[in-house]
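Quick notes on the structure that follows.
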Amino acid sequence: MKIKEYYRKILLLAIAIVAGLFYSCNISNTSDDAGSKGFEIKRGVNLSHWLSQDYGWVPKYTLISENDIRFIDSIGYDHVRIPIDEQELWDDNGEPIEEGFNSLLNCLDWCGKYNLRAIVDLHIIRTHHFNAVNEGGFNTLWVDTAAQNSFINLWVQLSETLHKYPENMVAYELLNEVVAPEHDDWNKLLNRAIAVIREKEPNRVLVVGPNMWQIAPNLQYLKLPENDSNIILSFHTYNPLAFTHYKASWTPAGDFPGKVTYPGQIISGEDYKKYIDTTNAEMVNAFTDARDYFNKQRIVAGFEMGIQYAKSKNLQLYCGEFGCLPTVDRNERLKYYSDIVSAFEENNIAWCNWEYKGDFGIYHFDTLKKVSLSPDYELIDILLHNK
């Protein structure tokens with residue numbers, strides 16, 4: 001019996017040692033692979049019109065506070081996307097703007113406190129604006145070597161500042177809604193930026209979208225580094241534009257006086273003939289799918305190619321922007337949100353609605369005074385299934 005007891009103790013000791021080694025290996029692997037498996041997101045909201053596209057609706061830097069981050073966490077979001085503009089964080093001489101950087105860092109600290117992931121999105125730089133073409137501008141980023149070097153340097157500085165944040169809590173989005181003349185123009189610059197960041201942050205998750213306003217069908221033209229699993233593929237969708245941007249003054253849809261409907265045919269054939277100037281290419285493009293019948297299945301068809309591409313690369317697919325203005329019928333707007341969110345979740349697509357505060361926001365918005373009022377809990381419940 002004593003011999004059996006002796007061997008039993010030896011066996012238990014051996015099991016304990018093996019278990020300890022297995023546990024320590026798992027801890028090590030979890031730490032090393034935090035970028036790809038630790039940064040887990042499902043439902044987020046954009047913190048727009050703060051460090052990006054500041055229209056002066058409220059005093060600068062006051063739009064987002066710790067209370068906002070606490071509220072975002074409390075209603076069920078798991079991450080925020082933080083758009084930042086070059087002009088909000090660096091002055092004309094390329095020197096960091098202290099208040100801007102402090103606001104960003106404070107926000108990331110608050111996110112850490114409430115266990116919210118954060119995506120830092122370089123939204124607009126001085127040499128590239130996603131809407132430049134529509135506003136009569138020109139993006140010099142694609143023809144100016146100095147501009148490209150400056151873009152890379154912005155990410156060098158951001159990485160040096162943000163690398164202290166855990167890889168499972170903060171990710172970087174390299175450039176919002178790229179509009180390059182050729183897909184390879186973006187591929188070349190994108191891979192330069194990735195290589196620079198990877199020198200110091202090999203496991204940082206990078207959010208990457210395709211050329212031409214980040215539409216899902218163009219994901220297939222991306223040329224990504226081989227064997228880099230720390231990448232999330234991103235697309236944006238505002239289809240059908242005639243519905244989601246109804247009465248939006250900055251689009252051709254803003255001049256349309258007819259009726260829009262969802263689900264169903266967005267505008268009737270009669271209203272199309274009556275109000276659409278077919279000699280106006282911009283207006284025709286804005287209403288290109290407006291006579292289609294839209295429902296959840298039609299929404300999914302718009303990003304089906306993105307779903308298949310992400311599967312082929314075994315990478316997470318993410319919709320970083322979508323939304324609908326409150327200028328449409330309220331019940332139809334809520335139905336649209338219900339359909340698109342369920343479409344994302346049925347297809348394992350993480351999402352981030354545009355936006356937190358603003359005319360697309362989850363707060364009721366006074367369009368005349370340009371101020372967010374009280375939370376729109378009916379919309380929030382539809383987005384986050386809190387009912």
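Residues are named by chain letter and number: chains run A, B, ... in the order of the structure tokens, numbers start at 1 in each chain, and ligands are numbered from 1 in the order shown.
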
DSSP says strand (DSSP E or B) for which residues of region 161-312 of chain A? Put them as a PDB file with C-alpha atoms, in the first residue's frame?
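File written: states-v8.pdb
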```
ATOM      1  CA  VAL A 170      -7.071  50.029 -28.573  1.00  0.00           C
ATOM      2  CA  ALA A 171      -6.857  49.558 -32.355  1.00  0.00           C
ATOM      3  CA  TYR A 172      -5.779  51.909 -35.162  1.00  0.00           C
ATOM      4  CA  GLU A 173      -7.733  52.725 -38.332  1.00  0.00           C
ATOM      5  CA  LEU A 206      -5.201  47.609 -37.584  1.00  0.00           C
ATOM      6  CA  VAL A 207      -8.554  48.458 -39.160  1.00  0.00           C
ATOM      7  CA  VAL A 208      -8.285  48.632 -42.941  1.00  0.00           C
ATOM      8  CA  ILE A 231      -6.199  43.121 -39.256  1.00  0.00           C
ATOM      9  CA  ILE A 232      -9.913  43.910 -39.246  1.00  0.00           C
ATOM     10  CA  LEU A 233     -11.536  44.529 -42.636  1.00  0.00           C
ATOM     11  CA  SER A 234     -13.791  47.570 -42.628  1.00  0.00           C
ATOM     12  CA  PHE A 235     -16.524  48.869 -44.894  1.00  0.00           C
ATOM     13  CA  HIS A 236     -19.121  51.645 -44.691  1.00  0.00           C
ATOM     14  CA  GLY A 264     -40.203  48.918 -50.376  1.00  0.00           C
ATOM     15  CA  GLN A 265     -39.346  50.956 -53.426  1.00  0.00           C
ATOM     16  CA  TYR A 293     -37.164  47.347 -53.648  1.00  0.00           C
ATOM     17  CA  PHE A 294     -35.232  47.550 -50.367  1.00  0.00           C
TER      18      PHE A 294
END
```

Within 10 Å of region 42-47 of chain A, which residues of region 287-383 of chain A show up? Give each one with its shortest atom-to-atom distance in Å (one decimal) and the two atoms involved, counting only C-alpha atoms, rows by chain then rising residue number, as a Markdown table.
```
| residue | atom | partner | partner_atom | distance |
| --- | --- | --- | --- | --- |
| A:Tyr318 | CA | A:Lys42 | CA | 8.5 |
| A:Cys319 | CA | A:Gly44 | CA | 9.8 |
| A:Gly320 | CA | A:Asn46 | CA | 8.2 |
| A:Glu321 | CA | A:Asn46 | CA | 7.8 |
| A:Phe322 | CA | A:Asn46 | CA | 9.9 |
| A:Val341 | CA | A:Arg43 | CA | 9.4 |
| A:Phe344 | CA | A:Lys42 | CA | 9.6 |
| A:Glu345 | CA | A:Lys42 | CA | 8.4 |
| A:Asn348 | CA | A:Lys42 | CA | 8.6 |
| A:Ile349 | CA | A:Lys42 | CA | 7.5 |
| A:Ala350 | CA | A:Lys42 | CA | 4.3 |
| A:Trp351 | CA | A:Arg43 | CA | 5.2 |
| A:Cys352 | CA | A:Gly44 | CA | 4.1 |
| A:Asn353 | CA | A:Val45 | CA | 5.0 |
| A:Trp354 | CA | A:Asn46 | CA | 5.4 |
| A:Glu355 | CA | A:Asn46 | CA | 4.7 |
| A:Tyr356 | CA | A:Leu47 | CA | 5.7 |
| A:Lys357 | CA | A:Leu47 | CA | 7.3 |
| A:Gly358 | CA | A:Leu47 | CA | 9.5 |
| A:Gly361 | CA | A:Asn46 | CA | 9.0 |
| A:Ile362 | CA | A:Val45 | CA | 9.1 |
| A:Leu383 | CA | A:Arg43 | CA | 8.6 |
```

Kindly export the residues of the current selection with N, CA and C atoms, as a PDB file, in the first residue's frame.
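Full text of again21.pdb as output:
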```
ATOM      1  N   TYR A 318     -16.126  44.291 -40.466  1.00  0.00           N
ATOM      2  CA  TYR A 318     -16.589  45.361 -39.575  1.00  0.00           C
ATOM      3  C   TYR A 318     -17.209  46.473 -40.405  1.00  0.00           C
ATOM      4  N   CYS A 319     -18.400  46.872 -40.051  1.00  0.00           N
ATOM      5  CA  CYS A 319     -19.003  48.061 -40.662  1.00  0.00           C
ATOM      6  C   CYS A 319     -18.768  49.230 -39.723  1.00  0.00           C
ATOM      7  N   GLY A 320     -17.836  50.104 -40.094  1.00  0.00           N
ATOM      8  CA  GLY A 320     -17.441  51.203 -39.214  1.00  0.00           C
ATOM      9  C   GLY A 320     -18.356  52.408 -39.263  1.00  0.00           C
ATOM     10  N   GLU A 321     -19.234  52.463 -40.277  1.00  0.00           N
ATOM     11  CA  GLU A 321     -20.196  53.569 -40.371  1.00  0.00           C
ATOM     12  C   GLU A 321     -21.457  53.110 -41.082  1.00  0.00           C
ATOM     13  N   PHE A 322     -22.584  53.479 -40.527  1.00  0.00           N
ATOM     14  CA  PHE A 322     -23.883  53.382 -41.193  1.00  0.00           C
ATOM     15  C   PHE A 322     -24.831  54.267 -40.410  1.00  0.00           C
ATOM     16  N   VAL A 341     -29.081  46.265 -38.556  1.00  0.00           N
ATOM     17  CA  VAL A 341     -28.346  45.700 -37.425  1.00  0.00           C
ATOM     18  C   VAL A 341     -28.509  44.180 -37.383  1.00  0.00           C
ATOM     19  N   PHE A 344     -26.291  42.683 -40.004  1.00  0.00           N
ATOM     20  CA  PHE A 344     -24.893  42.576 -39.564  1.00  0.00           C
ATOM     21  C   PHE A 344     -24.699  41.377 -38.650  1.00  0.00           C
ATOM     22  N   GLU A 345     -25.537  41.263 -37.663  1.00  0.00           N
ATOM     23  CA  GLU A 345     -25.311  40.251 -36.638  1.00  0.00           C
ATOM     24  C   GLU A 345     -25.573  38.837 -37.161  1.00  0.00           C
ATOM     25  N   ASN A 348     -22.265  37.841 -38.762  1.00  0.00           N
ATOM     26  CA  ASN A 348     -21.057  37.970 -37.946  1.00  0.00           C
ATOM     27  C   ASN A 348     -20.234  39.201 -38.316  1.00  0.00           C
ATOM     28  N   ILE A 349     -20.922  40.302 -38.559  1.00  0.00           N
ATOM     29  CA  ILE A 349     -20.267  41.569 -38.875  1.00  0.00           C
ATOM     30  C   ILE A 349     -20.357  42.483 -37.659  1.00  0.00           C
ATOM     31  N   ALA A 350     -19.206  42.862 -37.112  1.00  0.00           N
ATOM     32  CA  ALA A 350     -19.206  43.863 -36.049  1.00  0.00           C
ATOM     33  C   ALA A 350     -19.612  45.202 -36.655  1.00  0.00           C
ATOM     34  N   TRP A 351     -20.174  46.090 -35.828  1.00  0.00           N
ATOM     35  CA  TRP A 351     -20.663  47.340 -36.405  1.00  0.00           C
ATOM     36  C   TRP A 351     -20.479  48.519 -35.459  1.00  0.00           C
ATOM     37  N   CYS A 352     -20.531  49.715 -36.049  1.00  0.00           N
ATOM     38  CA  CYS A 352     -20.370  50.960 -35.296  1.00  0.00           C
ATOM     39  C   CYS A 352     -21.236  52.020 -35.966  1.00  0.00           C
ATOM     40  N   ASN A 353     -22.355  52.355 -35.346  1.00  0.00           N
ATOM     41  CA  ASN A 353     -23.270  53.293 -36.007  1.00  0.00           C
ATOM     42  C   ASN A 353     -22.737  54.727 -35.965  1.00  0.00           C
ATOM     43  N   TRP A 354     -23.032  55.431 -37.018  1.00  0.00           N
ATOM     44  CA  TRP A 354     -22.777  56.859 -37.092  1.00  0.00           C
ATOM     45  C   TRP A 354     -24.067  57.534 -36.671  1.00  0.00           C
ATOM     46  N   GLU A 355     -24.160  58.009 -35.402  1.00  0.00           N
ATOM     47  CA  GLU A 355     -23.096  58.481 -34.578  1.00  0.00           C
ATOM     48  C   GLU A 355     -23.629  58.592 -33.169  1.00  0.00           C
ATOM     49  N   TYR A 356     -22.838  59.119 -32.247  1.00  0.00           N
ATOM     50  CA  TYR A 356     -23.280  59.273 -30.858  1.00  0.00           C
ATOM     51  C   TYR A 356     -24.137  60.522 -30.696  1.00  0.00           C
ATOM     52  N   LYS A 357     -23.554  61.686 -30.923  1.00  0.00           N
ATOM     53  CA  LYS A 357     -24.296  62.946 -30.896  1.00  0.00           C
ATOM     54  C   LYS A 357     -24.199  63.589 -32.276  1.00  0.00           C
ATOM     55  N   GLY A 358     -25.287  64.172 -32.734  1.00  0.00           N
ATOM     56  CA  GLY A 358     -25.329  64.759 -34.062  1.00  0.00           C
ATOM     57  C   GLY A 358     -26.635  64.419 -34.739  1.00  0.00           C
ATOM     58  N   GLY A 361     -27.486  60.889 -34.732  1.00  0.00           N
ATOM     59  CA  GLY A 361     -27.125  60.327 -33.442  1.00  0.00           C
ATOM     60  C   GLY A 361     -28.190  59.547 -32.721  1.00  0.00           C
ATOM     61  N   ILE A 362     -27.784  59.004 -31.567  1.00  0.00           N
ATOM     62  CA  ILE A 362     -28.702  58.253 -30.706  1.00  0.00           C
ATOM     63  C   ILE A 362     -29.357  59.175 -29.674  1.00  0.00           C
ATOM     64  N   LEU A 383     -31.087  49.312 -31.602  1.00  0.00           N
ATOM     65  CA  LEU A 383     -29.685  49.061 -31.918  1.00  0.00           C
ATOM     66  C   LEU A 383     -29.082  47.983 -31.024  1.00  0.00           C
TER      67      LEU A 383
END
```

Near-Leu174 (chain A) list (10 Å; only C-alpha atoms; drop same-chain fewer than 2 positions) as a list in words: Val120, Asp121, Leu122, His123, Phe151, Ile152, Leu154, Trp155, Ala171, Tyr172, Asn176, Glu177, Val178, Leu190, Ala193, Ile194, Leu206, Val207, Val208 and Gly209 of chain A

Which of region 270-370 of chain A fall in alpha helix (DSSP H), as a PyMOL selection string: chain A and resi 270-275+281-286+296-313+330-346

Go ahead and dump the residues you just picked, C-alpha atoms, as a PDB file, in the first residue's frame.
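That gives us out-v9.pdb:
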```pdb
ATOM      1  CA  GLU A 270     -43.773  58.664 -60.774  1.00  0.00           C
ATOM      2  CA  ASP A 271     -41.695  60.772 -58.367  1.00  0.00           C
ATOM      3  CA  TYR A 272     -38.501  59.761 -60.170  1.00  0.00           C
ATOM      4  CA  LYS A 273     -39.832  61.032 -63.482  1.00  0.00           C
ATOM      5  CA  LYS A 274     -41.236  64.149 -61.849  1.00  0.00           C
ATOM      6  CA  TYR A 275     -38.257  65.251 -59.725  1.00  0.00           C
ATOM      7  CA  ALA A 281     -24.990  63.016 -63.292  1.00  0.00           C
ATOM      8  CA  GLU A 282     -24.534  63.606 -59.541  1.00  0.00           C
ATOM      9  CA  MET A 283     -28.270  63.419 -58.918  1.00  0.00           C
ATOM     10  CA  VAL A 284     -28.656  60.298 -61.059  1.00  0.00           C
ATOM     11  CA  ASN A 285     -25.789  58.635 -59.153  1.00  0.00           C
ATOM     12  CA  ALA A 286     -27.343  59.561 -55.801  1.00  0.00           C
ATOM     13  CA  LYS A 296     -33.141  43.379 -45.181  1.00  0.00           C
ATOM     14  CA  GLN A 297     -32.212  40.946 -47.940  1.00  0.00           C
ATOM     15  CA  ARG A 298     -31.479  43.804 -50.338  1.00  0.00           C
ATOM     16  CA  ILE A 299     -29.311  45.477 -47.689  1.00  0.00           C
ATOM     17  CA  VAL A 300     -27.264  42.295 -47.255  1.00  0.00           C
ATOM     18  CA  ALA A 301     -26.810  42.026 -51.025  1.00  0.00           C
ATOM     19  CA  GLY A 302     -24.978  45.364 -50.897  1.00  0.00           C
ATOM     20  CA  PHE A 303     -22.145  43.947 -48.799  1.00  0.00           C
ATOM     21  CA  GLU A 304     -22.295  40.245 -49.715  1.00  0.00           C
ATOM     22  CA  MET A 305     -19.011  40.507 -51.655  1.00  0.00           C
ATOM     23  CA  GLY A 306     -17.357  41.867 -48.507  1.00  0.00           C
ATOM     24  CA  ILE A 307     -18.665  38.937 -46.480  1.00  0.00           C
ATOM     25  CA  GLN A 308     -17.181  36.458 -48.939  1.00  0.00           C
ATOM     26  CA  TYR A 309     -13.842  38.292 -49.119  1.00  0.00           C
ATOM     27  CA  ALA A 310     -13.512  38.351 -45.317  1.00  0.00           C
ATOM     28  CA  LYS A 311     -14.227  34.620 -45.178  1.00  0.00           C
ATOM     29  CA  SER A 312     -11.579  33.955 -47.810  1.00  0.00           C
ATOM     30  CA  LYS A 313      -9.017  35.851 -45.715  1.00  0.00           C
ATOM     31  CA  ARG A 330     -39.746  57.801 -37.819  1.00  0.00           C
ATOM     32  CA  ASN A 331     -41.275  54.317 -37.949  1.00  0.00           C
ATOM     33  CA  GLU A 332     -39.587  53.626 -41.278  1.00  0.00           C
ATOM     34  CA  ARG A 333     -36.264  54.918 -39.915  1.00  0.00           C
ATOM     35  CA  LEU A 334     -36.491  52.574 -36.932  1.00  0.00           C
ATOM     36  CA  LYS A 335     -37.393  49.683 -39.229  1.00  0.00           C
ATOM     37  CA  TYR A 336     -34.293  50.435 -41.320  1.00  0.00           C
ATOM     38  CA  TYR A 337     -32.069  50.350 -38.220  1.00  0.00           C
ATOM     39  CA  SER A 338     -33.675  47.114 -37.050  1.00  0.00           C
ATOM     40  CA  ASP A 339     -33.087  45.458 -40.418  1.00  0.00           C
ATOM     41  CA  ILE A 340     -29.510  46.588 -40.938  1.00  0.00           C
ATOM     42  CA  VAL A 341     -28.346  45.700 -37.425  1.00  0.00           C
ATOM     43  CA  SER A 342     -29.899  42.245 -37.615  1.00  0.00           C
ATOM     44  CA  ALA A 343     -28.311  41.843 -41.071  1.00  0.00           C
ATOM     45  CA  PHE A 344     -24.893  42.576 -39.564  1.00  0.00           C
ATOM     46  CA  GLU A 345     -25.311  40.251 -36.638  1.00  0.00           C
ATOM     47  CA  GLU A 346     -26.725  37.383 -38.698  1.00  0.00           C
TER      48      GLU A 346
END
```
